[in-house]
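Written below as structure tokens is the structure these notes are about.
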Amino acid sequence: MDEPWWKTGVIYQIYPRSFQDTTGNGIGDLAGVTRRLDYVRDLDVDAIWLSPFYPSPMADFGYDVADYTDVDPLFGTLGDFEELVSQAHGRGLKVIVDYVGNHTSDQHPWFQESRRDRSNPKADWYVWADPGPGGAVPNNWLSIFGGSAWQWDEPRGQFYLHSFLKQQPDLNWRNPGVEQAMMDVLRFWFDRGVDGVRMDVIHMILKDPDLRDNPLGDHLSVETFYPEYEAQQHIHDKLHPDIYDVFRRMHALAASYDGDRVLIGEVEPLPFDQFVKFYGGGAGLHLPFSFHMIYSARDWKAVDVRSLVDEYERSVGPSDWPNYVLGNHDVDRLASRIGRDQARIGALLLLTLRGTPTLYYGDELAMSNSTIADHQVQDPRAHGVWGTGRDGCRSPMQWDAGPHGGFTHHTAEPWLPLNEDSALYNVAVESEDPGSMLNFYRRVLRFRRSHPVMQLGAYEPLDVGESVFAYTRSLPDVEAVIALNFSDDPITIRHRALLGKAAVVGTSTRPSPAVGDALTLDANEGVILLEG
């Protein structure tokens, strides 16, 4: 298969704070990721994506970067990172790092210089504006974390823009020096062997240069922030049309390195006709993250999921490659959103659709959200308009049934509490159970790797009723059928595509076989069938 690795591979997201603590401070670190690479390799995934580990005041747990080219002492050293890359590559694993391009920490030296006065060399490296009439904020733009997106800065005598926390000032990508510096950040990590970057809120890096007010009305995203934010059409504070020129330059930079370096962009789940523009006709982002299954298919019905997949497939161009995500560090865990039975359906869907899947650590164990008491809250979102915040989906990885779930073997309490059922859902226990979620993931991932049709085969939906989503994946010499029962009742489906097919992998250890053109699926059962 002469295709880039990121087309045929599976990506596994690791939140380093929560994966493995080796120092005894209750916080996971890079050495901990290295220690657990054999586990990741044995899952049969192809790449790890590391959430931020850069020096940071941790106002937003690393998404407020104070230095783009180093490692925060909490997580280790640059030498620890280089060892991680070496060890991962030695196991055939690619390494993807987070790239936070929209904003820095207010403690970043760039911002400290920029705020000093209006004439220093970095005076225009951030988005600054004079007050409106009577000292009002410059416009009506809002922070995603609540309230105005503008913060008065006394040393500078102006407002600065922060699309997130006030500790996260937005960079001014219209300044050529900023773009050059951020391209140099990409080069820094590519030069150290990383195989790609996941680009945080990359759709936001260019705003309207005239700072015009957003009009009122439904905004472009289907993600729910809060009512005040939802009341605006966010057409001036993000997604400015010249953003795609920046992506083309990033694409060219990545292409100048060998090894198919991948650019993955965190993008709002926009309507697909807008979403596919980020591919740039093969000259933009390789994989704009598709969160549509998380946010657009909230009711988790077969008919809605099929409609979403079909529209995505119709929208992508010939050089574009789909991708799907069902969990990450910002949303409730899959098992909490749709239940553990349907979480198997979600996993089988994610790993058998045409496109690149990204898994979130712990979902392969059926980890659910942890309960976070008020005194245990860490997430800054939880202190504003976001209610309980994101801590529940960021709890430590559950390795065994011992103290602290094997996340730390020291006396320090983990930075977040483990899930209450971590003694039941962990790597050690599930490895011994053939019917566990972990062994189900291993079976499906092993099957995917050994069958090119599951990696590159064409997609075609099958009409079998509203409660079952069924489709084929096909190459010229082979066809597979995937059938997923989204309901709590057994269902029999009929289709000529089932003829001559045998069940090979499913949510059950003994998946239901086809009989002629008929297949009976148990409640919440999914199955892959192959030609005899």
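Every chain in the structure tokens has a letter given in the order shown (A, B, ...), and although residue numbers restart at 1 in each chain, ligands are simply numbered from 1 in the order shown.
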Neighbour list for stretch 461-471 of chain A as a PDB file with all heavy atoms, in the first residue's frame, cut-off 10 Å, only C-alpha atoms, skip fewer than 5 positions in-chain:
```pdb
ATOM      1  N   LYS A 301     -28.198   7.878  17.091  1.00  0.00           N
ATOM      2  CA  LYS A 301     -29.128   7.023  16.368  1.00  0.00           C
ATOM      3  C   LYS A 301     -28.494   6.607  15.051  1.00  0.00           C
ATOM      4  O   LYS A 301     -27.784   7.392  14.410  1.00  0.00           O
ATOM      5  CB  LYS A 301     -30.440   7.755  16.103  1.00  0.00           C
ATOM      6  CG  LYS A 301     -31.224   8.085  17.369  1.00  0.00           C
ATOM      7  CD  LYS A 301     -32.506   8.833  17.029  1.00  0.00           C
ATOM      8  CE  LYS A 301     -33.293   9.164  18.291  1.00  0.00           C
ATOM      9  NZ  LYS A 301     -34.527   9.937  17.971  1.00  0.00           N
ATOM     10  N   ALA A 302     -28.772   5.371  14.648  1.00  0.00           N
ATOM     11  CA  ALA A 302     -28.152   4.841  13.436  1.00  0.00           C
ATOM     12  C   ALA A 302     -28.428   5.729  12.231  1.00  0.00           C
ATOM     13  O   ALA A 302     -27.531   6.000  11.417  1.00  0.00           O
ATOM     14  CB  ALA A 302     -28.653   3.422  13.170  1.00  0.00           C
ATOM     15  N   VAL A 303     -29.654   6.197  12.105  1.00  0.00           N
ATOM     16  CA  VAL A 303     -30.028   6.979  10.936  1.00  0.00           C
ATOM     17  C   VAL A 303     -29.264   8.297  10.905  1.00  0.00           C
ATOM     18  O   VAL A 303     -28.866   8.779   9.822  1.00  0.00           O
ATOM     19  CB  VAL A 303     -31.553   7.212  10.896  1.00  0.00           C
ATOM     20  CG1 VAL A 303     -32.020   8.034  12.088  1.00  0.00           C
ATOM     21  CG2 VAL A 303     -31.973   7.839   9.578  1.00  0.00           C
ATOM     22  N   ASP A 304     -29.024   8.900  12.065  1.00  0.00           N
ATOM     23  CA  ASP A 304     -28.297  10.176  12.110  1.00  0.00           C
ATOM     24  C   ASP A 304     -26.817   9.978  11.834  1.00  0.00           C
ATOM     25  O   ASP A 304     -26.197  10.784  11.137  1.00  0.00           O
ATOM     26  CB  ASP A 304     -28.482  10.838  13.477  1.00  0.00           C
ATOM     27  CG  ASP A 304     -29.916  11.239  13.745  1.00  0.00           C
ATOM     28  OD1 ASP A 304     -30.658  11.476  12.761  1.00  0.00           O
ATOM     29  OD2 ASP A 304     -30.312  11.309  14.926  1.00  0.00           O
ATOM     30  N   VAL A 305     -26.250   8.904  12.379  1.00  0.00           N
ATOM     31  CA  VAL A 305     -24.833   8.651  12.146  1.00  0.00           C
ATOM     32  C   VAL A 305     -24.588   8.345  10.675  1.00  0.00           C
ATOM     33  O   VAL A 305     -23.635   8.842  10.063  1.00  0.00           O
ATOM     34  CB  VAL A 305     -24.334   7.514  13.053  1.00  0.00           C
ATOM     35  CG1 VAL A 305     -22.903   7.128  12.698  1.00  0.00           C
ATOM     36  CG2 VAL A 305     -24.413   7.926  14.523  1.00  0.00           C
ATOM     37  N   ARG A 306     -25.464   7.523  10.088  1.00  0.00           N
ATOM     38  CA  ARG A 306     -25.312   7.233   8.652  1.00  0.00           C
ATOM     39  C   ARG A 306     -25.415   8.516   7.830  1.00  0.00           C
ATOM     40  O   ARG A 306     -24.622   8.741   6.899  1.00  0.00           O
ATOM     41  CB  ARG A 306     -26.369   6.240   8.185  1.00  0.00           C
ATOM     42  CG  ARG A 306     -26.313   6.104   6.662  1.00  0.00           C
ATOM     43  CD  ARG A 306     -27.373   5.231   6.067  1.00  0.00           C
ATOM     44  NE  ARG A 306     -27.412   5.419   4.618  1.00  0.00           N
ATOM     45  CZ  ARG A 306     -28.063   4.636   3.788  1.00  0.00           C
ATOM     46  NH1 ARG A 306     -28.757   3.606   4.236  1.00  0.00           N
ATOM     47  NH2 ARG A 306     -28.052   4.890   2.487  1.00  0.00           N
ATOM     48  N   SER A 307     -26.371   9.366   8.144  1.00  0.00           N
ATOM     49  CA  SER A 307     -26.544  10.605   7.392  1.00  0.00           C
ATOM     50  C   SER A 307     -25.286  11.466   7.457  1.00  0.00           C
ATOM     51  O   SER A 307     -24.856  12.047   6.451  1.00  0.00           O
ATOM     52  CB  SER A 307     -27.745  11.377   7.942  1.00  0.00           C
ATOM     53  OG  SER A 307     -27.888  12.623   7.299  1.00  0.00           O
ATOM     54  N   VAL A 309     -22.135  10.397   8.032  1.00  0.00           N
ATOM     55  CA  VAL A 309     -21.053   9.753   7.269  1.00  0.00           C
ATOM     56  C   VAL A 309     -21.281   9.941   5.775  1.00  0.00           C
ATOM     57  O   VAL A 309     -20.343  10.273   5.025  1.00  0.00           O
ATOM     58  CB  VAL A 309     -20.954   8.256   7.631  1.00  0.00           C
ATOM     59  CG1 VAL A 309     -19.947   7.555   6.714  1.00  0.00           C
ATOM     60  CG2 VAL A 309     -20.556   8.085   9.090  1.00  0.00           C
ATOM     61  N   ASP A 310     -22.504   9.763   5.334  1.00  0.00           N
ATOM     62  CA  ASP A 310     -22.795   9.902   3.908  1.00  0.00           C
ATOM     63  C   ASP A 310     -22.501  11.322   3.418  1.00  0.00           C
ATOM     64  O   ASP A 310     -21.955  11.523   2.326  1.00  0.00           O
ATOM     65  CB  ASP A 310     -24.251   9.545   3.622  1.00  0.00           C
ATOM     66  CG  ASP A 310     -24.534   8.059   3.752  1.00  0.00           C
ATOM     67  OD1 ASP A 310     -23.564   7.283   3.921  1.00  0.00           O
ATOM     68  OD2 ASP A 310     -25.716   7.667   3.684  1.00  0.00           O
ATOM     69  N   LEU A 349     -17.548   1.093  14.789  1.00  0.00           N
ATOM     70  CA  LEU A 349     -17.794   2.111  13.772  1.00  0.00           C
ATOM     71  C   LEU A 349     -16.520   2.903  13.483  1.00  0.00           C
ATOM     72  O   LEU A 349     -16.105   3.053  12.328  1.00  0.00           O
ATOM     73  CB  LEU A 349     -18.904   3.044  14.260  1.00  0.00           C
ATOM     74  CG  LEU A 349     -19.214   4.269  13.401  1.00  0.00           C
ATOM     75  CD1 LEU A 349     -19.993   3.859  12.160  1.00  0.00           C
ATOM     76  CD2 LEU A 349     -20.014   5.297  14.213  1.00  0.00           C
ATOM     77  N   THR A 352     -13.795   0.986  11.524  1.00  0.00           N
ATOM     78  CA  THR A 352     -14.113   0.341  10.243  1.00  0.00           C
ATOM     79  C   THR A 352     -14.588   1.311   9.169  1.00  0.00           C
ATOM     80  O   THR A 352     -14.726   0.904   8.017  1.00  0.00           O
ATOM     81  CB  THR A 352     -15.183  -0.757  10.422  1.00  0.00           C
ATOM     82  OG1 THR A 352     -16.372  -0.175  10.977  1.00  0.00           O
ATOM     83  CG2 THR A 352     -14.679  -1.875  11.315  1.00  0.00           C
ATOM     84  N   LEU A 353     -14.857   2.567   9.511  1.00  0.00           N
ATOM     85  CA  LEU A 353     -15.211   3.532   8.481  1.00  0.00           C
ATOM     86  C   LEU A 353     -13.989   3.881   7.640  1.00  0.00           C
ATOM     87  O   LEU A 353     -12.843   3.724   8.075  1.00  0.00           O
ATOM     88  CB  LEU A 353     -15.763   4.814   9.121  1.00  0.00           C
ATOM     89  CG  LEU A 353     -17.196   4.750   9.640  1.00  0.00           C
ATOM     90  CD1 LEU A 353     -17.526   6.021  10.411  1.00  0.00           C
ATOM     91  CD2 LEU A 353     -18.196   4.543   8.498  1.00  0.00           C
ATOM     92  N   ALA A 480     -16.032  -6.370   2.425  1.00  0.00           N
ATOM     93  CA  ALA A 480     -16.452  -6.626   3.799  1.00  0.00           C
ATOM     94  C   ALA A 480     -17.765  -5.902   4.057  1.00  0.00           C
ATOM     95  O   ALA A 480     -18.040  -4.855   3.460  1.00  0.00           O
ATOM     96  CB  ALA A 480     -15.396  -6.156   4.784  1.00  0.00           C
ATOM     97  N   VAL A 481     -18.584  -6.473   4.939  1.00  0.00           N
ATOM     98  CA  VAL A 481     -19.811  -5.826   5.392  1.00  0.00           C
ATOM     99  C   VAL A 481     -19.686  -5.574   6.885  1.00  0.00           C
ATOM    100  O   VAL A 481     -19.266  -6.463   7.643  1.00  0.00           O
ATOM    101  CB  VAL A 481     -21.058  -6.693   5.117  1.00  0.00           C
ATOM    102  CG1 VAL A 481     -22.290  -6.078   5.782  1.00  0.00           C
ATOM    103  CG2 VAL A 481     -21.280  -6.837   3.619  1.00  0.00           C
ATOM    104  N   ILE A 482     -20.026  -4.366   7.300  1.00  0.00           N
ATOM    105  CA  ILE A 482     -20.079  -4.025   8.729  1.00  0.00           C
ATOM    106  C   ILE A 482     -21.534  -3.707   9.050  1.00  0.00           C
ATOM    107  O   ILE A 482     -22.184  -2.918   8.351  1.00  0.00           O
ATOM    108  CB  ILE A 482     -19.178  -2.817   9.048  1.00  0.00           C
ATOM    109  CG1 ILE A 482     -17.702  -3.136   8.761  1.00  0.00           C
ATOM    110  CG2 ILE A 482     -19.348  -2.415  10.507  1.00  0.00           C
ATOM    111  CD1 ILE A 482     -17.262  -2.818   7.362  1.00  0.00           C
ATOM    112  N   ALA A 483     -22.076  -4.344  10.076  1.00  0.00           N
ATOM    113  CA  ALA A 483     -23.463  -4.125  10.488  1.00  0.00           C
ATOM    114  C   ALA A 483     -23.482  -3.803  11.977  1.00  0.00           C
ATOM    115  O   ALA A 483     -22.940  -4.568  12.785  1.00  0.00           O
ATOM    116  CB  ALA A 483     -24.318  -5.356  10.196  1.00  0.00           C
ATOM    117  N   LEU A 484     -24.112  -2.688  12.337  1.00  0.00           N
ATOM    118  CA  LEU A 484     -24.085  -2.181  13.705  1.00  0.00           C
ATOM    119  C   LEU A 484     -25.504  -1.940  14.189  1.00  0.00           C
ATOM    120  O   LEU A 484     -26.224  -1.103  13.634  1.00  0.00           O
ATOM    121  CB  LEU A 484     -23.294  -0.868  13.771  1.00  0.00           C
ATOM    122  CG  LEU A 484     -21.887  -0.892  13.147  1.00  0.00           C
ATOM    123  CD1 LEU A 484     -21.332   0.513  13.039  1.00  0.00           C
ATOM    124  CD2 LEU A 484     -20.970  -1.782  13.969  1.00  0.00           C
ATOM    125  N   ASN A 485     -25.910  -2.670  15.224  1.00  0.00           N
ATOM    126  CA  ASN A 485     -27.244  -2.532  15.799  1.00  0.00           C
ATOM    127  C   ASN A 485     -27.208  -1.452  16.879  1.00  0.00           C
ATOM    128  O   ASN A 485     -26.638  -1.657  17.951  1.00  0.00           O
ATOM    129  CB  ASN A 485     -27.710  -3.863  16.376  1.00  0.00           C
ATOM    130  CG  ASN A 485     -29.140  -3.789  16.894  1.00  0.00           C
ATOM    131  OD1 ASN A 485     -29.797  -2.750  16.830  1.00  0.00           O
ATOM    132  ND2 ASN A 485     -29.631  -4.908  17.431  1.00  0.00           N
ATOM    133  N   PHE A 486     -27.819  -0.320  16.622  1.00  0.00           N
ATOM    134  CA  PHE A 486     -27.843   0.800  17.566  1.00  0.00           C
ATOM    135  C   PHE A 486     -28.971   0.662  18.591  1.00  0.00           C
ATOM    136  O   PHE A 486     -29.144   1.548  19.413  1.00  0.00           O
ATOM    137  CB  PHE A 486     -28.003   2.110  16.811  1.00  0.00           C
ATOM    138  CG  PHE A 486     -26.730   2.658  16.217  1.00  0.00           C
ATOM    139  CD1 PHE A 486     -26.038   1.963  15.237  1.00  0.00           C
ATOM    140  CD2 PHE A 486     -26.232   3.882  16.626  1.00  0.00           C
ATOM    141  CE1 PHE A 486     -24.881   2.463  14.678  1.00  0.00           C
ATOM    142  CE2 PHE A 486     -25.071   4.404  16.079  1.00  0.00           C
ATOM    143  CZ  PHE A 486     -24.384   3.694  15.106  1.00  0.00           C
ATOM    144  N   SER A 487     -29.734  -0.411  18.537  1.00  0.00           N
ATOM    145  CA  SER A 487     -30.909  -0.525  19.407  1.00  0.00           C
ATOM    146  C   SER A 487     -30.685  -1.542  20.523  1.00  0.00           C
ATOM    147  O   SER A 487     -29.740  -2.338  20.491  1.00  0.00           O
ATOM    148  CB  SER A 487     -32.129  -0.927  18.584  1.00  0.00           C
ATOM    149  OG  SER A 487     -32.125  -2.319  18.336  1.00  0.00           O
ATOM    150  N   ASP A 488     -31.610  -1.527  21.492  1.00  0.00           N
ATOM    151  CA  ASP A 488     -31.580  -2.467  22.616  1.00  0.00           C
ATOM    152  C   ASP A 488     -32.372  -3.735  22.322  1.00  0.00           C
ATOM    153  O   ASP A 488     -32.632  -4.530  23.239  1.00  0.00           O
ATOM    154  CB  ASP A 488     -32.156  -1.799  23.873  1.00  0.00           C
ATOM    155  CG  ASP A 488     -31.288  -0.660  24.370  1.00  0.00           C
ATOM    156  OD1 ASP A 488     -30.056  -0.730  24.199  1.00  0.00           O
ATOM    157  OD2 ASP A 488     -31.839   0.325  24.917  1.00  0.00           O
ATOM    158  N   ASP A 489     -32.767  -3.945  21.083  1.00  0.00           N
ATOM    159  CA  ASP A 489     -33.549  -5.117  20.711  1.00  0.00           C
ATOM    160  C   ASP A 489     -32.837  -5.894  19.607  1.00  0.00           C
ATOM    161  O   ASP A 489     -32.149  -5.310  18.763  1.00  0.00           O
ATOM    162  CB  ASP A 489     -34.936  -4.697  20.201  1.00  0.00           C
ATOM    163  CG  ASP A 489     -35.734  -3.944  21.243  1.00  0.00           C
ATOM    164  OD1 ASP A 489     -35.857  -4.462  22.376  1.00  0.00           O
ATOM    165  OD2 ASP A 489     -36.212  -2.837  20.927  1.00  0.00           O
ATOM    166  N   ILE A 491     -32.425  -7.572  16.072  1.00  0.00           N
ATOM    167  CA  ILE A 491     -32.958  -7.145  14.778  1.00  0.00           C
ATOM    168  C   ILE A 491     -32.407  -8.062  13.691  1.00  0.00           C
ATOM    169  O   ILE A 491     -31.222  -8.400  13.699  1.00  0.00           O
ATOM    170  CB  ILE A 491     -32.581  -5.681  14.464  1.00  0.00           C
ATOM    171  CG1 ILE A 491     -33.291  -4.725  15.417  1.00  0.00           C
ATOM    172  CG2 ILE A 491     -32.915  -5.326  13.016  1.00  0.00           C
ATOM    173  CD1 ILE A 491     -32.960  -3.269  15.191  1.00  0.00           C
ATOM    174  N   THR A 492     -33.273  -8.479  12.773  1.00  0.00           N
ATOM    175  CA  THR A 492     -32.833  -9.235  11.601  1.00  0.00           C
ATOM    176  C   THR A 492     -32.859  -8.315  10.391  1.00  0.00           C
ATOM    177  O   THR A 492     -33.866  -7.645  10.135  1.00  0.00           O
ATOM    178  CB  THR A 492     -33.741 -10.448  11.345  1.00  0.00           C
ATOM    179  OG1 THR A 492     -33.648 -11.345  12.464  1.00  0.00           O
ATOM    180  CG2 THR A 492     -33.312 -11.192  10.086  1.00  0.00           C
ATOM    181  N   ILE A 493     -31.746  -8.268   9.685  1.00  0.00           N
ATOM    182  CA  ILE A 493     -31.675  -7.471   8.473  1.00  0.00           C
ATOM    183  C   ILE A 493     -31.481  -8.392   7.278  1.00  0.00           C
ATOM    184  O   ILE A 493     -30.996  -9.524   7.405  1.00  0.00           O
ATOM    185  CB  ILE A 493     -30.523  -6.439   8.538  1.00  0.00           C
ATOM    186  CG1 ILE A 493     -29.161  -7.142   8.654  1.00  0.00           C
ATOM    187  CG2 ILE A 493     -30.735  -5.472   9.688  1.00  0.00           C
ATOM    188  CD1 ILE A 493     -27.968  -6.199   8.526  1.00  0.00           C
ATOM    189  N   ARG A 494     -31.855  -7.888   6.107  1.00  0.00           N
ATOM    190  CA  ARG A 494     -31.670  -8.648   4.868  1.00  0.00           C
ATOM    191  C   ARG A 494     -31.056  -7.735   3.812  1.00  0.00           C
ATOM    192  O   ARG A 494     -31.469  -6.589   3.660  1.00  0.00           O
ATOM    193  CB  ARG A 494     -33.004  -9.202   4.358  1.00  0.00           C
ATOM    194  CG  ARG A 494     -33.598 -10.258   5.259  1.00  0.00           C
ATOM    195  CD  ARG A 494     -34.873 -10.861   4.673  1.00  0.00           C
ATOM    196  NE  ARG A 494     -35.412 -11.879   5.549  1.00  0.00           N
ATOM    197  CZ  ARG A 494     -35.016 -13.151   5.581  1.00  0.00           C
ATOM    198  NH1 ARG A 494     -34.073 -13.550   4.725  1.00  0.00           N
ATOM    199  NH2 ARG A 494     -35.544 -14.010   6.413  1.00  0.00           N
ATOM    200  N   HIS A 495     -30.071  -8.287   3.115  1.00  0.00           N
ATOM    201  CA  HIS A 495     -29.462  -7.545   2.008  1.00  0.00           C
ATOM    202  C   HIS A 495     -28.620  -8.515   1.185  1.00  0.00           C
ATOM    203  O   HIS A 495     -27.953  -9.389   1.740  1.00  0.00           O
ATOM    204  CB  HIS A 495     -28.588  -6.389   2.514  1.00  0.00           C
ATOM    205  CG  HIS A 495     -28.327  -5.345   1.475  1.00  0.00           C
ATOM    206  ND1 HIS A 495     -27.399  -5.532   0.459  1.00  0.00           N
ATOM    207  CD2 HIS A 495     -28.874  -4.112   1.279  1.00  0.00           C
ATOM    208  CE1 HIS A 495     -27.383  -4.447  -0.301  1.00  0.00           C
ATOM    209  NE2 HIS A 495     -28.262  -3.573   0.170  1.00  0.00           N
ATOM    210  N   ARG A 496     -28.633  -8.326  -0.115  1.00  0.00           N
ATOM    211  CA  ARG A 496     -27.871  -9.238  -0.986  1.00  0.00           C
ATOM    212  C   ARG A 496     -26.361  -9.156  -0.721  1.00  0.00           C
ATOM    213  O   ARG A 496     -25.625 -10.104  -1.017  1.00  0.00           O
ATOM    214  CB  ARG A 496     -28.172  -8.936  -2.445  1.00  0.00           C
ATOM    215  CG  ARG A 496     -27.743  -7.546  -2.895  1.00  0.00           C
ATOM    216  CD  ARG A 496     -28.127  -7.307  -4.357  1.00  0.00           C
ATOM    217  NE  ARG A 496     -27.753  -5.974  -4.817  1.00  0.00           N
ATOM    218  CZ  ARG A 496     -28.459  -4.883  -4.599  1.00  0.00           C
ATOM    219  NH1 ARG A 496     -29.609  -4.965  -3.935  1.00  0.00           N
ATOM    220  NH2 ARG A 496     -28.041  -3.707  -5.057  1.00  0.00           N
ATOM    221  N   ALA A 497     -25.899  -8.047  -0.154  1.00  0.00           N
ATOM    222  CA  ALA A 497     -24.470  -7.927   0.140  1.00  0.00           C
ATOM    223  C   ALA A 497     -24.008  -8.924   1.193  1.00  0.00           C
ATOM    224  O   ALA A 497     -22.811  -9.200   1.315  1.00  0.00           O
ATOM    225  CB  ALA A 497     -24.141  -6.509   0.603  1.00  0.00           C
ATOM    226  N   LEU A 521     -28.930  -9.736  14.455  1.00  0.00           N
ATOM    227  CA  LEU A 521     -28.027  -9.107  15.412  1.00  0.00           C
ATOM    228  C   LEU A 521     -28.698  -9.034  16.767  1.00  0.00           C
ATOM    229  O   LEU A 521     -29.874  -8.647  16.880  1.00  0.00           O
ATOM    230  CB  LEU A 521     -27.669  -7.691  14.951  1.00  0.00           C
ATOM    231  CG  LEU A 521     -26.861  -7.579  13.653  1.00  0.00           C
ATOM    232  CD1 LEU A 521     -26.829  -6.117  13.184  1.00  0.00           C
ATOM    233  CD2 LEU A 521     -25.448  -8.104  13.852  1.00  0.00           C
ATOM    234  N   ASN A 524     -27.495  -4.289  20.663  1.00  0.00           N
ATOM    235  CA  ASN A 524     -26.184  -3.633  20.796  1.00  0.00           C
ATOM    236  C   ASN A 524     -25.043  -4.467  20.216  1.00  0.00           C
ATOM    237  O   ASN A 524     -23.916  -4.395  20.691  1.00  0.00           O
ATOM    238  CB  ASN A 524     -25.876  -3.335  22.272  1.00  0.00           C
ATOM    239  CG  ASN A 524     -26.978  -2.568  22.959  1.00  0.00           C
ATOM    240  OD1 ASN A 524     -27.333  -1.467  22.535  1.00  0.00           O
ATOM    241  ND2 ASN A 524     -27.545  -3.152  24.005  1.00  0.00           N
ATOM    242  N   GLU A 525     -25.347  -5.251  19.178  1.00  0.00           N
ATOM    243  CA  GLU A 525     -24.305  -6.077  18.572  1.00  0.00           C
ATOM    244  C   GLU A 525     -23.843  -5.473  17.258  1.00  0.00           C
ATOM    245  O   GLU A 525     -24.629  -4.938  16.474  1.00  0.00           O
ATOM    246  CB  GLU A 525     -24.797  -7.498  18.315  1.00  0.00           C
ATOM    247  CG  GLU A 525     -23.681  -8.402  17.782  1.00  0.00           C
ATOM    248  CD  GLU A 525     -24.140  -9.824  17.490  1.00  0.00           C
ATOM    249  OE1 GLU A 525     -25.366 -10.064  17.431  1.00  0.00           O
ATOM    250  OE2 GLU A 525     -23.261 -10.693  17.319  1.00  0.00           O
ATOM    251  N   GLY A 526     -22.543  -5.580  17.021  1.00  0.00           N
ATOM    252  CA  GLY A 526     -21.964  -5.194  15.750  1.00  0.00           C
ATOM    253  C   GLY A 526     -21.057  -6.293  15.250  1.00  0.00           C
ATOM    254  O   GLY A 526     -20.476  -7.056  16.034  1.00  0.00           O
ATOM    255  N   VAL A 527     -20.913  -6.398  13.923  1.00  0.00           N
ATOM    256  CA  VAL A 527     -20.153  -7.506  13.366  1.00  0.00           C
ATOM    257  C   VAL A 527     -19.516  -7.089  12.048  1.00  0.00           C
ATOM    258  O   VAL A 527     -20.046  -6.234  11.319  1.00  0.00           O
ATOM    259  CB  VAL A 527     -21.071  -8.741  13.158  1.00  0.00           C
ATOM    260  CG1 VAL A 527     -22.177  -8.439  12.162  1.00  0.00           C
ATOM    261  CG2 VAL A 527     -20.275  -9.961  12.739  1.00  0.00           C
ATOM    262  N   ILE A 528     -18.348  -7.657  11.778  1.00  0.00           N
ATOM    263  CA  ILE A 528     -17.699  -7.549  10.474  1.00  0.00           C
ATOM    264  C   ILE A 528     -17.825  -8.898   9.784  1.00  0.00           C
ATOM    265  O   ILE A 528     -17.526  -9.934  10.375  1.00  0.00           O
ATOM    266  CB  ILE A 528     -16.212  -7.189  10.607  1.00  0.00           C
ATOM    267  CG1 ILE A 528     -16.015  -5.894  11.406  1.00  0.00           C
ATOM    268  CG2 ILE A 528     -15.569  -7.058   9.233  1.00  0.00           C
ATOM    269  CD1 ILE A 528     -14.556  -5.587  11.708  1.00  0.00           C
TER     270      ILE A 528
END
```
Spatial neighbours of A:Gly196, 9 Å, only C-alpha atoms, chain gap at least 6 places, as a CSV table (one decimal) with N, CA and C atoms, in the first residue's frame:
```csv
chain,number,residue,atom,x,y,z
A,49,TRP,N,-0.5,10.6,20.0
A,49,TRP,CA,-0.6,12.1,20.0
A,49,TRP,C,-0.5,12.5,21.5
A,94,LYS,N,4.6,6.2,15.5
A,94,LYS,CA,4.9,7.6,15.2
A,94,LYS,C,4.5,8.5,16.4
A,95,VAL,N,5.0,9.7,16.4
A,95,VAL,CA,4.8,10.6,17.5
A,95,VAL,C,4.3,11.9,17.0
A,96,ILE,N,3.1,12.4,17.5
A,96,ILE,CA,2.5,13.6,17.2
A,96,ILE,C,2.4,14.5,18.4
A,97,VAL,N,2.8,15.8,18.3
A,97,VAL,CA,2.7,16.7,19.4
A,97,VAL,C,1.7,17.8,19.2
A,98,ASP,N,1.2,18.4,20.3
A,98,ASP,CA,0.3,19.5,20.2
A,98,ASP,C,1.0,20.8,19.8
A,189,TRP,N,10.3,21.0,16.2
A,189,TRP,CA,9.8,19.7,16.6
A,189,TRP,C,10.0,18.7,15.4
A,190,PHE,N,9.8,19.1,14.2
A,190,PHE,CA,10.1,18.2,13.1
A,190,PHE,C,11.6,17.8,13.1
A,254,ALA,N,5.8,21.2,5.9
A,254,ALA,CA,5.7,19.7,6.3
A,254,ALA,C,6.2,18.9,5.2
A,260,ASP,N,6.5,11.7,5.5
A,260,ASP,CA,5.0,12.0,5.5
A,260,ASP,C,4.6,12.7,6.8
A,261,ARG,N,5.2,13.8,7.2
A,261,ARG,CA,4.8,14.5,8.4
A,261,ARG,C,3.3,15.0,8.2
A,262,VAL,N,2.5,14.8,9.2
A,262,VAL,CA,1.1,15.1,9.1
A,262,VAL,C,0.7,16.3,9.9
A,263,LEU,N,-0.2,17.1,9.3
A,263,LEU,CA,-0.8,18.3,9.9
A,263,LEU,C,-2.3,17.9,10.2
A,264,ILE,N,-2.6,17.9,11.5
A,264,ILE,CA,-3.9,17.6,12.0
A,264,ILE,C,-4.5,18.8,12.6
```
### Message
Residues within 8 Å of stretch 113-129 of chain A, please, as number ranges by chain. Count only C-alpha atoms; anything in the same chain fewer than 6 positions from it doesn't count.
### Response
A: 138, 153, 155-156, 158-161, 169-173, 175, 177-178
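Between A:Asp70 and the candidates A:Ala523, A:Gln167, A:Arg192, A:Glu266, the tightest atom-to-atom separation, counting only C-alpha atoms, involves A:Arg192.
Closest approach to A:Arg187 among A:Tyr244, A:Tyr68, A:Trp300, A:Tyr324 is made by A:Tyr68 (distances from only C-alpha atoms).
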### Message
Considering only strand (DSSP E or B) as DSSP defines it on the backbone, what residues of stretch 314-440 of chain A qualify? List them as a PyMOL selection string.
### Response
chain A and resi 323-325+356-360
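Among the candidates A:Tyr257, A:Tyr361, A:Trp152, A:Tyr226, the residue lying nearest to A:Asp191 is A:Tyr257 (atoms considered: only C-alpha atoms).
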